[in-house]
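So the structure is just underneath, and the comments pick up after that.
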Amino acid sequence: MIDSAIVRGVAVEVGEDGAITGVGAATAADAGAVIPGLALPGMPNLHSHAFQRAMAGTAETAGSGADSFWTWRDAMYRFVDRLTPDDVAAIGAYVYLEMLKAGYTSVAEFHYVHHEADGQAYADPATLSLALREAAGSVGIRQLLLPSLYQTAGFGNLPPRHAQRRFVQATDHFLRLYARLCELETPGLTTGIALHSLRAVPLSTVREVVGAVTAIDPHGPIHVHIAEQRQEVVDCVSSTGRRPVELLLDTGLLDDRWCLVHATHVLGQELEGIVRSGAVVGLCLTTEGNLGDGRFPLDELHAAGGRFGIGSDSQVSVDPREELRLAEYNLRLWRERRVVVRDPATVHSGTLLYRAAAAGGARALGRPAGGLHVGADADIVVIDTHLPGFAGVADEALVDQFVFAPRPGVVRDVLVAGQWQIRAGRHAGEASIEAAYVRSLDRLRA
Ligand SMILES: [Zn+2]
């Protein structure tokens with residue numbers, strides 16, 4: 001797929017640095033290197049908490065009272081208490097492998113568990129960050145590592161709770177961790193920052209941290225969870241007189257380096273402010289649905305020219321197609337119409353959603369504009385269009401078929417930075433990665 005068009009017989013050249021150096025018509029000389037199928041730009045996963053893969057599906061029981069995001073969060077805190085660096089590495093490698101096999105070629109890891117179980121810093125404070133970076137490197141997925149700052153339990157500088165002791169860092173410690181991770185970067189394993197949320201980071205600290213990291217990397221990505229839950233909006237208004245997105249917009253800090261994760265509860269003016277800033281909205285539909293967060297007006301964002309991408313967040317699903325499908329289905333249920341997100345560029349809903357999320361995701365990960373064009377990362381997913389489900393489907397409807405009528409096994413080959421990581425649906429390290437994950441789960445769930 002080039003832009004929104006399906007073009008047959010395309011040759012893609014990749015440079016030594018893993019970027020695309022040429023896209024043109026294939027010639028007889030290319031015959032020995034033909035990869036049959038539909039090549040799509042790899043999908044960035046702009047929001048992941050890798051460790052949560054090991055608790056996905058374990059919090060689906062009714063409690064004695066009403067269940068909510070907040071009761072789920074308590075379950076997550078209990079799970080965090082048991083994690084060791086080996087667990088973080090094993091779970092990370094396993095979920096990153098799942099991502100590659102599903103067609104995610106890069107991941108923004110929003111990493112907030114920094115300390116030992118008793119809340120003390122590890123001898124090397126970067127222990128868990130580096131476990132996640134090594135997990136990504138071992139699997140071959142591109143990773144933007146986002147150490148996340150966490151300081152307070154709520155608006156108004158509420159002191160952190162005991163359950164949050166593994167997350168909390170002083171600002172200078174956080175900035176040292178960020179600087180160290182920047183020094184240890186490689187081309188495929190890069191660094192940005194995350195501010196956990198406005199309830200966990202005071203506004204004065206947001207300003208200080210953004211100023212300090214901008215001095216190190218003026219273009220580095222900045223991610224934040226924002227306006228995910230109504231309660232968060234209510235608490236923000238009662239403490240500051242403003243809604244969370246409004247509060248962030250008023251700082252004047254928001255620009256196209258930012259990714260606003262969720263941004264579920266926004267009013268029209270806030271949406272306009274997000275679009276004007278160039279920030280990307282990070283939608284995590286399967287998680288937002290699982291946690292009962294609310295509905296984001298994606299049709300209004302897209303119509304206004306805003307950017308969005310998708311993330312697997314709590315890992316209840318690790319499949320970009322499910323996120324894209326739910327983005328549209330949420331709106332269909334809400335608006336009582338079909339094909340709600342629209343665009344003059346194409347009438348094909350699957351093509352539109354895939355292309356927009358790939359572009360927004362690349363922006364959120366601080367990468368060149370995504371797509372099959374010169375200068376883009378050579379991150380490519382090959383769909384097996386010879387499977388029966390694609391029989392008789394017109395070229396221009398292939399991506400709709402891929403997104404809206406998914407079947408197992410359609411993601412056949414995955415290229416990251418010009419290197420094949422998945423061939424015929426398999427990864428070279430699959431058996432050992434799965435064995436290590438099972439060992440960790442046996443211990444964690446014992
Ligand atoms: Zn999250």
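FYI, nothing fancy with the structure tokens labels: chains A, B, ... in order, residues from 1 per chain, ligands from 1 as they appear.
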
Closest atom pairs, segment 172-290 of chain A residues within 9 Å of segment 32-54 of chain A, only C-alpha atoms, as CSV:
```
residue,atom,partner,partner_atom,distance
A:His223,CA,A:His47,CA,8.9
A:Cys259,CA,A:Leu46,CA,8.4
A:Val261,CA,A:His47,CA,7.5
A:Gly282,CA,A:Leu46,CA,6.6
A:Leu283,CA,A:His47,CA,8.4
A:Cys284,CA,A:His47,CA,7.5
```

How would the residues just picked look written out with all heavy atoms as a compact mmCIF listing (two decimals), in the first residue's frame?
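Below is the file that was written, result_35.txt:
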```
# COMPACT_ATOMS: atom_id res chain seq x y z
N HIS A 223 4.98 11.76 26.51
CA HIS A 223 3.66 11.11 26.59
C HIS A 223 3.05 11.34 27.97
O HIS A 223 3.76 11.45 28.95
CB HIS A 223 3.80 9.60 26.34
CG HIS A 223 4.15 9.25 24.92
ND1 HIS A 223 3.65 8.14 24.29
CD2 HIS A 223 4.94 9.86 24.01
CE1 HIS A 223 4.12 8.09 23.04
NE2 HIS A 223 4.92 9.11 22.86
N CYS A 259 2.15 13.08 23.07
CA CYS A 259 1.12 12.08 22.82
C CYS A 259 0.20 12.08 24.04
O CYS A 259 0.65 11.81 25.16
CB CYS A 259 1.73 10.70 22.62
SG CYS A 259 0.48 9.41 22.41
N VAL A 261 -2.40 10.24 25.86
CA VAL A 261 -2.93 8.88 25.89
C VAL A 261 -4.34 8.91 26.49
O VAL A 261 -4.55 9.46 27.57
CB VAL A 261 -2.00 7.96 26.70
CG1 VAL A 261 -2.56 6.54 26.71
CG2 VAL A 261 -0.60 7.99 26.12
N GLY A 282 -3.53 9.21 21.72
CA GLY A 282 -3.21 7.78 21.79
C GLY A 282 -4.43 7.00 22.22
O GLY A 282 -4.79 7.01 23.40
N LEU A 283 -5.08 6.33 21.28
CA LEU A 283 -6.30 5.57 21.59
C LEU A 283 -5.94 4.12 21.89
O LEU A 283 -5.14 3.51 21.19
CB LEU A 283 -7.26 5.62 20.40
CG LEU A 283 -7.73 7.02 20.01
CD1 LEU A 283 -8.58 6.95 18.75
CD2 LEU A 283 -8.51 7.66 21.16
N CYS A 284 -6.53 3.59 22.94
CA CYS A 284 -6.26 2.21 23.37
C CYS A 284 -7.62 1.55 23.58
O CYS A 284 -8.04 1.32 24.71
CB CYS A 284 -5.43 2.21 24.66
SG CYS A 284 -3.94 3.22 24.54
```

Worksheet item: Residues within 12 Å of ligand 1 (only C-alpha atoms and all ligand atoms), as JSON, numbers by chain?
Response: {"A": [45, 46, 47, 48, 49, 50, 51, 52, 69, 73, 76, 108, 109, 110, 111, 112, 146, 148, 194, 195, 196, 197, 223, 224, 225, 226, 227, 228, 259, 260, 261, 262, 263, 282, 283, 284, 285, 286, 287, 288, 291, 293, 310, 311, 312, 313, 314, 315]}

Nearby residues (only C-alpha atoms) at most 9 Å from Gln169 of chain A, same-chain spacing under 5 positions excluded, as a PDB file with N, CA, C and O atoms, in the first residue's frame:
```pdb
ATOM      1  N   HIS A 114       9.810   1.359  38.731  1.00  0.00           N
ATOM      2  CA  HIS A 114      11.248   1.611  38.713  1.00  0.00           C
ATOM      3  C   HIS A 114      12.020   0.921  39.843  1.00  0.00           C
ATOM      4  O   HIS A 114      13.204   0.666  39.710  1.00  0.00           O
ATOM      5  N   LEU A 149       7.438   9.500  35.048  1.00  0.00           N
ATOM      6  CA  LEU A 149       7.558  10.185  36.337  1.00  0.00           C
ATOM      7  C   LEU A 149       6.242  10.066  37.104  1.00  0.00           C
ATOM      8  O   LEU A 149       5.159  10.279  36.549  1.00  0.00           O
ATOM      9  N   TYR A 150       6.367   9.724  38.394  1.00  0.00           N
ATOM     10  CA  TYR A 150       5.196   9.531  39.256  1.00  0.00           C
ATOM     11  C   TYR A 150       5.538  10.093  40.624  1.00  0.00           C
ATOM     12  O   TYR A 150       6.515   9.680  41.232  1.00  0.00           O
ATOM     13  N   GLN A 151       4.777  11.044  41.112  1.00  0.00           N
ATOM     14  CA  GLN A 151       5.150  11.663  42.393  1.00  0.00           C
ATOM     15  C   GLN A 151       4.009  11.781  43.398  1.00  0.00           C
ATOM     16  O   GLN A 151       4.258  11.746  44.598  1.00  0.00           O
ATOM     17  N   PHE A 174      14.785  11.151  38.386  1.00  0.00           N
ATOM     18  CA  PHE A 174      14.125  10.870  37.102  1.00  0.00           C
ATOM     19  C   PHE A 174      14.961  11.421  35.940  1.00  0.00           C
ATOM     20  O   PHE A 174      15.181  10.731  34.933  1.00  0.00           O
TER      21      PHE A 174
END
```

Write out as a Markdown table the residues of segment 252-302 of chain A that have any atom within 12 Å of an atom of segment 345-355 of chain A, one row each with the nearest atom pair and its distance in Å to one decimal, counting only C-alpha atoms, sorted by chain and then rising number.
```
| residue | atom | partner | partner_atom | distance |
| --- | --- | --- | --- | --- |
| A:Leu298 | CA | A:Leu353 | CA | 10.6 |
| A:Asp299 | CA | A:Leu353 | CA | 10.9 |
| A:His302 | CA | A:Leu353 | CA | 10.0 |
```

Residues from the last selection, N, CA and C atoms, saved as a PDB file, in the first residue's frame:
```
ATOM      1  N   LEU A 298     -13.593  10.296  18.083  1.00  0.00           N
ATOM      2  CA  LEU A 298     -12.556  10.204  17.051  1.00  0.00           C
ATOM      3  C   LEU A 298     -13.005  10.818  15.727  1.00  0.00           C
ATOM      4  N   ASP A 299     -14.305  10.689  15.399  1.00  0.00           N
ATOM      5  CA  ASP A 299     -14.782  11.274  14.139  1.00  0.00           C
ATOM      6  C   ASP A 299     -14.567  12.786  14.127  1.00  0.00           C
ATOM      7  N   HIS A 302     -10.742  13.569  13.738  1.00  0.00           N
ATOM      8  CA  HIS A 302     -10.239  13.338  12.383  1.00  0.00           C
ATOM      9  C   HIS A 302     -10.772  14.400  11.420  1.00  0.00           C
TER      10      HIS A 302
END
```

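Of the listed residues (A:Gly220, A:Gly289, A:Gly278, A:Gly252), A:Gly278 comes nearest to Gly306 of chain A; the distances count only C-alpha atoms.
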
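A straight line drawn from atom CA of Ala31 of chain A to atom CA of Pro388 of chain A is 25.0 Å long.
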
Worksheet item: Contacts of Thr27 of chain A at 9 Å or less, counting only C-alpha atoms, minus same-chain residues fewer than 5 places along, as a ChimeraX atom specification?
Response: /A:9-11

Worksheet item: Out of segment 209-328 of chain A, which residues get alpha helix (DSSP H) from DSSP, as an MDAnalysis selection string?
Response: chainID A and resid 209:216 230:240 244:250 268:277 285:291 298:303 320:328

Item to complete: Return the single residue from A:Arg407, A:Arg367, A:His427, A:Arg243 that is closest to Phe390 of chain A, with distances computed using only C-alpha atoms.
Response: A:Arg407
